[in-house]
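Peer 1: After the structure tokens below, expect a handful of questions from me.
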Amino acid sequence: MTEQSPVDLDRAEKLQGLGCRRKRVEDARFTQGKGNYVDDMKLKGMLFGDFVRSPYAHARVKSIDAEAAKALPGVVAVLTADDLRPLNLHWMPTLAGDKQMVLADGKVLYQGQEVAFVIAENRYIAADAVDLVEVEYEALPVVTDPFKALADDAPVLREDIADQKEGAHGPRRHPNHIFTWEQGDKAATEAVLAGAEVVAEEMIYYHRTHPCPLETCGCVASMDKVNGKLTLWGTFQAPHAVRTVASLISGIAEHNIRVVSPDIGGGFGNKVGVYPGYICAVVASIVTGVPVKWVEDRMDNLMTTAFARDYWMQGKIAATKDGRITGLWCHVTADHGGFDACADPTKFPAGFFNICTGSYDIPTAWLAVDGVYTNKAPGGVAYRCSFRVTEASYFIERMVDILAIKLGMDPVELRLKNFIRKDQFPYQSALGWEYDSGDYHTAMEKALAAVDYAGLRREQAERLDAFKRGETRKLIGIGVSFFTEIVGAGPVKNCDILGLGMFDSCEIRIHPTGSAIARLGTISQGQGHATTFAQILASEIGIPADAITVEEGDTDTAPYGLGTYGSRSTPVAGAATAMAGRKIRAKAQMIAAYLLEVHDDDIEWDIDRFVVKGAPERFKTMTEIAFAAYNQAIPGLEPGLEAVSYYDPPNMTYPFGAYVCVMEIDVDTGETEIRRFYALDDCGTRINPMIIEGQVHGGLTEALAIAMGQEIAYDENGNVMTATLMDFFMPTAVETPTWETDHTVTPSPHHPIGAKGVGESPNVGGVSAFSNAVNDAFRPFGLTHAQMPHDHWRIWRTAQQLGLHG
Amino acid sequence: MIPGNFAYHRPADVAAAARLLQEHGDEAQLLAGGHSLIPMMKLRMAQPSHLIDLQDIAGLKGISRDGARLVIGAMTTQHELIGDALVAAAVPLLREAALQIADPQVRYVGTIGGNVANGDPGNDMPGVMQCLDASFELTGPGGTREVAARAFYEAAFTTARAEDEILTRIIVPIPKPGSGYAYLKQKRKIGDYATAAAAVLLAVESGRCTSAAIAMTNLAATPVFTEAAGAALVGTTLDEAAVGAAVAAMLAAIDPATDNRGPVEFKKHVAGLMLRRAIAEAAGRAGRGTA
């Protein structure tokens, strides 16, 4: 880039383009309580739906008596599976190739499952009517343990497919078995393990948790019987996909369905899937001819909508005596609950878990994942991560620490020794991915210097001595994690959801006076798209970000796209935005050349204008060009200035980062305090540093929650033990420490502006940093691995088992 | 999370509230700050047909001194209690405990009367009141009577208050100047009930403990006042043996249940720790100026 004069800098600054800390344009309405969420909607004559839910985790439904409920004044209807059966809507397809009951069809498979849908004039009457529906259940044996679910004598959960030997992802070997997904070279990996100098082995459980967005899931369905159009407003992370699925399921032509995602109060993967509430609200609106709203409450949300994780990961890692990793073996038992409702690209039933070789140059690896049905809620979504990447990152980051113990090495030294080197990119991993770019050594070393890693280890050793002398009951744990994500799904050639290729889109219209509107196939749930996508465009087309409206979420106006999850908005829709901007600029160049009476090749782009080469005083600004596009007849050019781009990324992007957590642990109470947390993120080109920092703060807070206590726990009868925020851990400002953020910049070589995505990195990298810190504190006492979540009593139990309570 | 149907009443004085209670009997519930009752109603675990909101009764507010006793109106909020100079000077243990209840937003609305009257074993104030040997004034059709906090709690959500009585005032004997006190509470996060908590009030003269009261929170169906634990400290120098004996006596009195906070063994462990730390804190404070 050539040096810019002060005047140029001023012009560039006014655009508020790439790299600037532009304030979020969304916040004016959110901080004033002026957001427009689905539950804010009030439509004339609108009815309300509520569910009768199963108190049992596994039971036969003998009968449903809704007479008393129907007799309650204000109750309009009560729907059961029998009412949906004639429409063939009593079951619905899941995103994972399975099918799921919309309303209990003869049996229930998890506590909270939808049994009947009550429609009433207001939500109070609906709730009263729910109490009046009498359901007779016959309890069946409950299986909440995925290993027991595969036992020969285990109760058959899915009687509907008990005899099917073939599922959506290959052979099934047990009625409760869903799929086996295998990657890598098993024979070669086992040979490496057999001949290895050192092998570390561990069963690592990433417990079941839940994205728990502040706003729960819900919708308003409105069927206009006059024009035959269905409008569906809802909490959808992928509105276009919902429209297509709704059309396929209902038989309503796709042009007669409009899906709108209004403001969304957090998604984190919870709002990707299709839930029975959406189907029931649509049917109810079709039946009644008036709009029907369904919004779940917090308990409904925690108990029944999509959970995350629940992976039992058996690992073996082989190395030479001096710490060179030679092989990785992994077998996952994946608890999917009663239906397989994972939200993964079709060909990836375990998502991108095969990123589990992490940031390391591991020549040989093998992975198999077995999906299993249990009496738990369905889901398995990517909670602030790209498909199962958090599980993969946790697995490898624990395995490397465990190997370091076995080798008697410092965990950082082991990482530095095995990182993929900068000159190895693009790097082909043993489990099938091509990493686009990275500079891991630089990032790790910057992190170590920032926290004075050697000094921390000295302090930790001094504390340990004091502990052993009886002077303190607190230990220090130092958790280091180095993660590599795989985000931005994805190339259409191997990524689709229900057959829909995972491209994304941007459509730009430049108005005559030089402002613009950009519409995208994605949908913000708090990510700040209206702010950042305008910045990308400002830099591409020279129109100030403040003069660009960004609009998403209405399928009648936005171009088709696959939505926002898996950190795909910036890698895919961000790329589409840049590409559409470049199309605008290409036409603008022709217009400018005509206006300046020179050849196209004789002018060049300069921040916000085209300038005649060698004659900088002769130029046309984008504003002038825009006006000309609408008021001048330009030979060979159509009027107007618009462009649309559908971007099919050539590869995923691979953000990475180095996190260090310093934790104080009271071995008596099990209480922990995060004394310091340093997060270095490399997400390639940085669009808005302030938004990146905000994303990192939020993601680290969720990671803290998950690692330190947030779980969906069941008792042996399948009762959900954590159905409210009393027991489901959501950190407050008091529990949340100060986060230190830092960065390196390694652009993606294939992305138009080099950006990689960052929203999910802190969750992916954070969880292992916290967990490694807990485990690290107890390493001197012989601990190899303690399972998450690291809440007070589990830490106390670890200390107890290590004999630290005298 | 939608409550059943109920009629809402907002009487202006205690007499009117008492009449409503009498009229509707066990179909009525009194509403103070509502931080226990309203969530239970939303879960439909409580389904009163009549809700009698006490917030308009000015006579139930305020804190005053009556000789050697502190008198607190039942509808005094935790926030008002925390900010009250008289409480801070005369019974600092109350302030210390109130500051550990939930979060500021809850404390703006949550009341001392609701906290002690509801009989929720998770509430902090019942144990603190037992430790302080406070009494509760109950107003009913037959007039008023006082019941000692130590005799008030019968089972979870069951107390000595009759259905037609209103808990109107809390009477707290002001501890002797120089008393040591502490309320130590372990919880998972802000807003949570205690995993275990210990309230301690003691006096020390010439290095020896002359009186001690100990009560525990959320370790049984009711708060646990343990006379034996206090007695184990009296006459001692609060040495390790005495503290150990107090802890042993306390552990014999509690009956915690396994929940998401941890198994019984862990809760007993934390109960012991909280008590030890509370005794140490109280002993350190004893004799320093006025209590």
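So you can find residues: chains in the structure tokens are A, B, ... in the order shown, residues in each start at 1, and ligands are numbered from 1 in order.
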Could you name the residues that touch Ala449 of chain A at 12 Å or less, counting only C-alpha atoms, but leaving out those on the same chain fewer than 3 positions away, as a VMD selection string?

Peer 2: chain A and resid 442 to 446 452 to 456 658 660 678 680 742

Peer 1: Within segment 509-744 of chain A, find each residue whose DSSP state, derived from the backbone, is strand (DSSP E), and express the selection as a tab-separated table (two decimals) with N, CA and C atoms, in the first residue's frame.

Peer 2:
```
chain	number	residue	atom	x	y	z
A	509	ARG	N	-27.80	-2.36	-3.28
A	509	ARG	CA	-28.39	-1.34	-4.15
A	509	ARG	C	-27.82	0.01	-3.73
A	510	ILE	N	-27.21	0.69	-4.70
A	510	ILE	CA	-26.71	2.04	-4.42
A	510	ILE	C	-27.82	3.02	-4.83
A	516	ALA	N	-26.73	3.58	0.43
A	516	ALA	CA	-26.92	2.22	-0.08
A	516	ALA	C	-27.67	1.35	0.90
A	517	ILE	N	-28.23	0.28	0.37
A	517	ILE	CA	-28.76	-0.77	1.23
A	517	ILE	C	-28.13	-2.08	0.81
A	518	ALA	N	-27.75	-2.87	1.82
A	518	ALA	CA	-27.19	-4.20	1.54
A	518	ALA	C	-28.05	-5.21	2.27
A	519	ARG	N	-28.44	-6.26	1.57
A	519	ARG	CA	-29.24	-7.32	2.19
A	519	ARG	C	-28.46	-8.62	2.11
A	520	LEU	N	-28.55	-9.39	3.19
A	520	LEU	CA	-27.74	-10.61	3.27
A	520	LEU	C	-28.61	-11.81	3.65
A	548	ILE	N	-24.87	3.29	4.82
A	548	ILE	CA	-25.23	1.97	4.30
A	548	ILE	C	-26.15	1.26	5.30
A	549	THR	N	-27.36	0.95	4.87
A	549	THR	CA	-28.27	0.16	5.69
A	549	THR	C	-27.99	-1.31	5.43
A	550	VAL	N	-27.89	-2.08	6.50
A	550	VAL	CA	-27.74	-3.53	6.33
A	550	VAL	C	-29.01	-4.18	6.84
A	551	GLU	N	-29.60	-5.00	6.00
A	551	GLU	CA	-30.87	-5.62	6.34
A	551	GLU	C	-30.76	-7.13	6.17
A	552	GLU	N	-31.33	-7.86	7.13
A	552	GLU	CA	-31.27	-9.32	7.07
A	552	GLU	C	-32.58	-9.89	7.58
A	603	ILE	N	-8.16	4.91	-15.39
A	603	ILE	CA	-8.49	5.43	-14.05
A	603	ILE	C	-8.23	4.35	-13.00
A	604	GLU	N	-8.03	4.81	-11.77
A	604	GLU	CA	-7.77	3.84	-10.68
A	604	GLU	C	-8.57	4.23	-9.44
A	605	TRP	N	-8.83	3.24	-8.59
A	605	TRP	CA	-9.62	3.43	-7.37
A	605	TRP	C	-8.78	4.09	-6.29
A	606	ASP	N	-9.35	5.07	-5.62
A	606	ASP	CA	-8.64	5.73	-4.52
A	606	ASP	C	-9.63	6.04	-3.39
A	609	ARG	N	-13.21	7.11	-4.63
A	609	ARG	CA	-13.36	7.74	-5.96
A	609	ARG	C	-12.48	7.04	-6.99
A	610	PHE	N	-12.83	7.30	-8.26
A	610	PHE	CA	-11.92	6.89	-9.34
A	610	PHE	C	-11.17	8.13	-9.83
A	611	VAL	N	-9.87	7.97	-9.98
A	611	VAL	CA	-8.98	9.08	-10.31
A	611	VAL	C	-8.27	8.76	-11.63
A	612	VAL	N	-8.12	9.76	-12.46
A	612	VAL	CA	-7.37	9.56	-13.71
A	612	VAL	C	-5.90	9.37	-13.34
A	615	ALA	N	-3.26	12.13	-13.01
A	615	ALA	CA	-3.92	13.45	-12.93
A	615	ALA	C	-4.90	13.45	-11.76
A	616	PRO	N	-4.38	13.47	-10.55
A	616	PRO	CA	-5.23	13.28	-9.37
A	616	PRO	C	-6.31	14.34	-9.20
A	617	GLU	N	-6.19	15.46	-9.90
A	617	GLU	CA	-7.23	16.48	-9.78
A	617	GLU	C	-8.47	16.10	-10.61
A	618	ARG	N	-8.32	15.12	-11.47
A	618	ARG	CA	-9.47	14.67	-12.27
A	618	ARG	C	-10.02	13.37	-11.67
A	619	PHE	N	-11.19	13.44	-11.07
A	619	PHE	CA	-11.75	12.26	-10.40
A	619	PHE	C	-13.27	12.32	-10.37
A	620	LYS	N	-13.88	11.22	-10.09
A	620	LYS	CA	-15.32	11.18	-9.82
A	620	LYS	C	-15.52	10.38	-8.53
A	621	THR	N	-16.21	10.97	-7.57
A	621	THR	CA	-16.45	10.26	-6.31
A	621	THR	C	-17.58	9.24	-6.52
A	642	GLU	N	-26.48	-1.70	-8.99
A	642	GLU	CA	-26.84	-2.78	-8.07
A	642	GLU	C	-25.97	-3.99	-8.35
A	643	ALA	N	-25.85	-4.84	-7.35
A	643	ALA	CA	-25.12	-6.09	-7.59
A	643	ALA	C	-25.57	-7.12	-6.57
A	644	VAL	N	-25.44	-8.38	-6.94
A	644	VAL	CA	-25.70	-9.45	-6.00
A	644	VAL	C	-24.59	-10.47	-6.15
A	645	SER	N	-24.19	-11.05	-5.03
A	645	SER	CA	-23.16	-12.08	-5.10
A	645	SER	C	-23.57	-13.26	-4.23
A	646	TYR	N	-23.47	-14.43	-4.83
A	646	TYR	CA	-23.65	-15.67	-4.07
A	646	TYR	C	-22.27	-16.28	-3.95
A	647	TYR	N	-21.80	-16.41	-2.72
A	647	TYR	CA	-20.41	-16.80	-2.54
A	647	TYR	C	-20.31	-18.23	-2.03
A	656	PHE	N	-7.37	-19.25	14.92
A	656	PHE	CA	-6.65	-19.93	16.01
A	656	PHE	C	-6.36	-18.93	17.12
A	657	GLY	N	-5.86	-19.45	18.21
A	657	GLY	CA	-5.54	-18.55	19.30
A	657	GLY	C	-4.84	-19.25	20.45
A	658	ALA	N	-4.24	-18.44	21.30
A	658	ALA	CA	-3.52	-18.95	22.47
A	658	ALA	C	-4.13	-18.30	23.71
A	659	TYR	N	-4.63	-19.13	24.62
A	659	TYR	CA	-5.27	-18.62	25.83
A	659	TYR	C	-4.50	-19.11	27.06
A	660	VAL	N	-4.41	-18.24	28.04
A	660	VAL	CA	-3.77	-18.62	29.31
A	660	VAL	C	-4.68	-18.21	30.46
A	661	CYS	N	-4.94	-19.18	31.33
A	661	CYS	CA	-5.80	-18.93	32.49
A	661	CYS	C	-5.01	-19.17	33.76
A	662	VAL	N	-5.05	-18.21	34.67
A	662	VAL	CA	-4.40	-18.38	35.98
A	662	VAL	C	-5.51	-18.43	37.03
A	663	MET	N	-5.57	-19.55	37.73
A	663	MET	CA	-6.69	-19.79	38.62
A	663	MET	C	-6.21	-20.09	40.04
A	664	GLU	N	-6.92	-19.51	41.01
A	664	GLU	CA	-6.68	-19.84	42.42
A	664	GLU	C	-7.74	-20.85	42.83
A	665	ILE	N	-7.33	-21.91	43.48
A	665	ILE	CA	-8.27	-22.95	43.87
A	665	ILE	C	-8.18	-23.22	45.36
A	666	ASP	N	-9.30	-23.08	46.06
A	666	ASP	CA	-9.37	-23.40	47.48
A	666	ASP	C	-9.67	-24.90	47.59
A	672	THR	N	-13.19	-21.40	43.22
A	672	THR	CA	-12.12	-21.00	42.32
A	672	THR	C	-12.22	-19.50	42.04
A	673	GLU	N	-11.08	-18.94	41.71
A	673	GLU	CA	-11.08	-17.53	41.31
A	673	GLU	C	-10.16	-17.39	40.11
A	674	ILE	N	-10.68	-16.78	39.06
A	674	ILE	CA	-9.84	-16.56	37.88
A	674	ILE	C	-9.03	-15.29	38.14
A	675	ARG	N	-7.76	-15.49	38.37
A	675	ARG	CA	-6.94	-14.32	38.70
A	675	ARG	C	-6.54	-13.56	37.45
A	676	ARG	N	-6.35	-14.31	36.39
A	676	ARG	CA	-5.95	-13.66	35.14
A	676	ARG	C	-6.40	-14.53	33.98
A	677	PHE	N	-6.89	-13.90	32.95
A	677	PHE	CA	-7.19	-14.66	31.73
A	677	PHE	C	-6.75	-13.83	30.53
A	678	TYR	N	-5.82	-14.41	29.80
A	678	TYR	CA	-5.26	-13.74	28.62
A	678	TYR	C	-5.69	-14.50	27.38
A	679	ALA	N	-6.28	-13.78	26.43
A	679	ALA	CA	-6.77	-14.43	25.21
A	679	ALA	C	-6.19	-13.75	23.98
A	680	LEU	N	-5.37	-14.49	23.27
A	680	LEU	CA	-4.85	-13.99	21.99
A	680	LEU	C	-5.62	-14.69	20.88
A	681	ASP	N	-6.27	-13.90	20.05
A	681	ASP	CA	-7.02	-14.47	18.93
A	681	ASP	C	-6.42	-14.02	17.61
A	682	ASP	N	-6.33	-14.97	16.69
A	682	ASP	CA	-5.95	-14.63	15.33
A	682	ASP	C	-7.11	-15.03	14.43
A	740	GLU	N	-8.40	-10.18	29.35
A	740	GLU	CA	-7.36	-9.46	28.61
A	740	GLU	C	-7.35	-10.00	27.19
A	741	THR	N	-7.49	-9.13	26.20
A	741	THR	CA	-7.49	-9.62	24.82
A	741	THR	C	-6.26	-9.13	24.08
A	742	ASP	N	-5.86	-9.92	23.12
A	742	ASP	CA	-4.69	-9.59	22.31
A	742	ASP	C	-4.89	-10.27	20.95
A	743	HIS	N	-4.00	-10.00	20.02
A	743	HIS	CA	-4.18	-10.62	18.71
A	743	HIS	C	-2.90	-10.69	17.91
```

Peer 1: For chain A, which residues have at least one atom within 9 Å of chain B, if we go by only C-alpha atoms? Write them as a list in words, please.

Peer 2: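 Putting it all together, I get Arg123, Tyr124, Ala127, Asp128, Asp297, Arg298, Met299, Asp668, Thr669, Glu671, Gly709, Ala713, Met721, Thr722, Met726, Asp727, Phe729, Met730, Pro731, Thr732, Ala733, Val734, Glu735, Asp791, His792, Trp793, Arg794, Trp796 and Arg797 of chain A.
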
Peer 1: Atom CA of Asp370 of chain A to atom CA of Ala392 of chain A: how many Å, to one decimal?

Peer 2: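 Between atom CA of Asp370 of chain A and atom CA of Ala392 of chain A the gap is 14.8 Å.
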
Peer 1: Work out how far apart atom CA of Cys219 of chain A and atom CA of Phe307 of chain A are and give it in Å to one decimal.

Peer 2: 19.4 Å

Peer 1: Can you list, as an MDAnalysis selection string, every protein, DNA or RNA residue that comes within 8 Å of segment 589-595 of chain A when you count only C-alpha atoms, leaving out same-chain residues fewer than 3 positions away?

Peer 2: chainID A and resid 585:586 598:600 602:603 610 619:620 625 628:629 634

Peer 1: Distance atom CA of Trp233 of chain A-atom CA of Met41 of chain A, one decimal place?

Peer 2: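 That distance, rounded to one decimal, is 9.0 Å.
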
Peer 1: When you look at Gly180 of chain B with a cut-off of 8 Å (counting only C-alpha atoms), what residues show up, excluding the ones that are within fewer than 2 positions of it in the same chain? I need them as number ranges by chain.

Peer 2: B: 178, 182, 200-204, 281-287, 291

Peer 1: Between B:Asp120, B:Glu137, B:Asp13, B:Glu80, which is the closest to Thr159 of chain B once you count only C-alpha atoms?

Peer 2: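 That would be B:Asp120, the residue with the smallest distance to Thr159 of chain B.
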
Peer 1: Quick one: residues within 10 Å of Gly59 of chain B, only C-alpha atoms, excluding same-chain residues fewer than 6 positions away - as a list in words?

Peer 2: Ala12, Asp13, Val14, Gly73, Ala74, Met75, Thr168 and Arg169 of chain B

Peer 1: Take the residues from that selection and put them in a file with C-alpha atoms, as a CSV table (one decimal), in the first residue's frame.

Peer 2:
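Wrote part-v4.csv, looks like this:
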```csv
chain,number,residue,atom,x,y,z
B,12,ALA,CA,-54.1,-0.5,53.8
B,13,ASP,CA,-53.7,-1.7,57.4
B,14,VAL,CA,-53.0,-4.9,59.4
B,73,GLY,CA,-41.3,-4.0,60.8
B,74,ALA,CA,-41.9,-7.2,58.7
B,75,MET,CA,-42.1,-5.2,55.4
B,168,THR,CA,-45.9,-8.2,61.8
B,169,ARG,CA,-42.6,-7.4,63.6
```

Peer 1: Please provide as a VMD selection string all residues within 9 Å of segment 23-40 of chain B, with the sequence filter that same-chain residues fewer than 4 positions apart are discarded (counting only C-alpha atoms).

Peer 2: chain B and resid 1 3 17 to 19 44 to 55 74 to 75 77 106 108 to 115 118 120 163 to 164 166

Peer 1: Mind checking which residues fall within 8 Å of Gln710 of chain A, counting only C-alpha atoms, ignoring those fewer than 2 positions away in the same chain, and posting them as an NGL selection string?

Peer 2: :A and (209 or 705-708 or 712 or 728-730 or 789)

Peer 1: Export, as a short mmCIF file (atom, residue, chain, number, x, y, z; two decimals), in the first residue's frame, the selected residues with N, CA, C and O atoms.

Peer 2:
```
data_model
loop_
_atom_site.label_atom_id
_atom_site.label_comp_id
_atom_site.auth_asym_id
_atom_site.auth_seq_id
_atom_site.Cartn_x
_atom_site.Cartn_y
_atom_site.Cartn_z
N THR A 209 -24.59 -29.63 27.96
CA THR A 209 -24.93 -28.29 28.42
C THR A 209 -25.95 -27.71 27.45
O THR A 209 -26.55 -28.45 26.67
N ALA A 705 -18.58 -20.46 32.13
CA ALA A 705 -19.78 -21.11 32.65
C ALA A 705 -19.72 -22.62 32.41
O ALA A 705 -19.91 -23.42 33.32
N ILE A 706 -19.43 -22.99 31.17
CA ILE A 706 -19.44 -24.42 30.81
C ILE A 706 -18.40 -25.18 31.62
O ILE A 706 -18.67 -26.24 32.19
N ALA A 707 -17.19 -24.64 31.66
CA ALA A 707 -16.11 -25.37 32.34
C ALA A 707 -16.35 -25.47 33.84
O ALA A 707 -16.04 -26.49 34.46
N MET A 708 -16.94 -24.44 34.41
CA MET A 708 -16.98 -24.36 35.87
C MET A 708 -18.32 -24.74 36.49
O MET A 708 -18.46 -24.68 37.71
N ILE A 712 -26.54 -29.64 31.83
CA ILE A 712 -27.88 -30.19 31.87
C ILE A 712 -27.71 -31.59 32.47
O ILE A 712 -27.15 -32.49 31.85
N PHE A 728 -28.95 -24.04 36.67
CA PHE A 728 -28.18 -23.99 35.43
C PHE A 728 -27.30 -22.75 35.51
O PHE A 728 -27.80 -21.63 35.55
N PHE A 729 -26.01 -22.95 35.54
CA PHE A 729 -25.09 -21.86 35.87
C PHE A 729 -24.96 -20.84 34.74
O PHE A 729 -24.49 -21.16 33.66
N MET A 730 -25.41 -19.62 35.02
CA MET A 730 -25.17 -18.48 34.13
C MET A 730 -24.39 -17.47 34.96
O MET A 730 -24.93 -16.96 35.94
N PRO A 789 -18.21 -30.60 34.74
CA PRO A 789 -17.85 -29.21 35.07
C PRO A 789 -17.13 -29.14 36.42
O PRO A 789 -17.37 -29.94 37.30
#
```

Peer 1: Out of B:Leu233, B:Val224, B:Ile174, B:Val87, which residue has the shortest atom-to-atom distance to Ala155 of chain B when counting only C-alpha atoms?

Peer 2: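 Using only C-alpha atoms, Ala155 of chain B sits closest to B:Val224.
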
Peer 1: So which bits of segment 212-281 of chain B end up helix (DSSP H, G or I) when you DSSP the backbone, as number ranges by chain?

Peer 2: B: 227-233, 240-253, 264-281
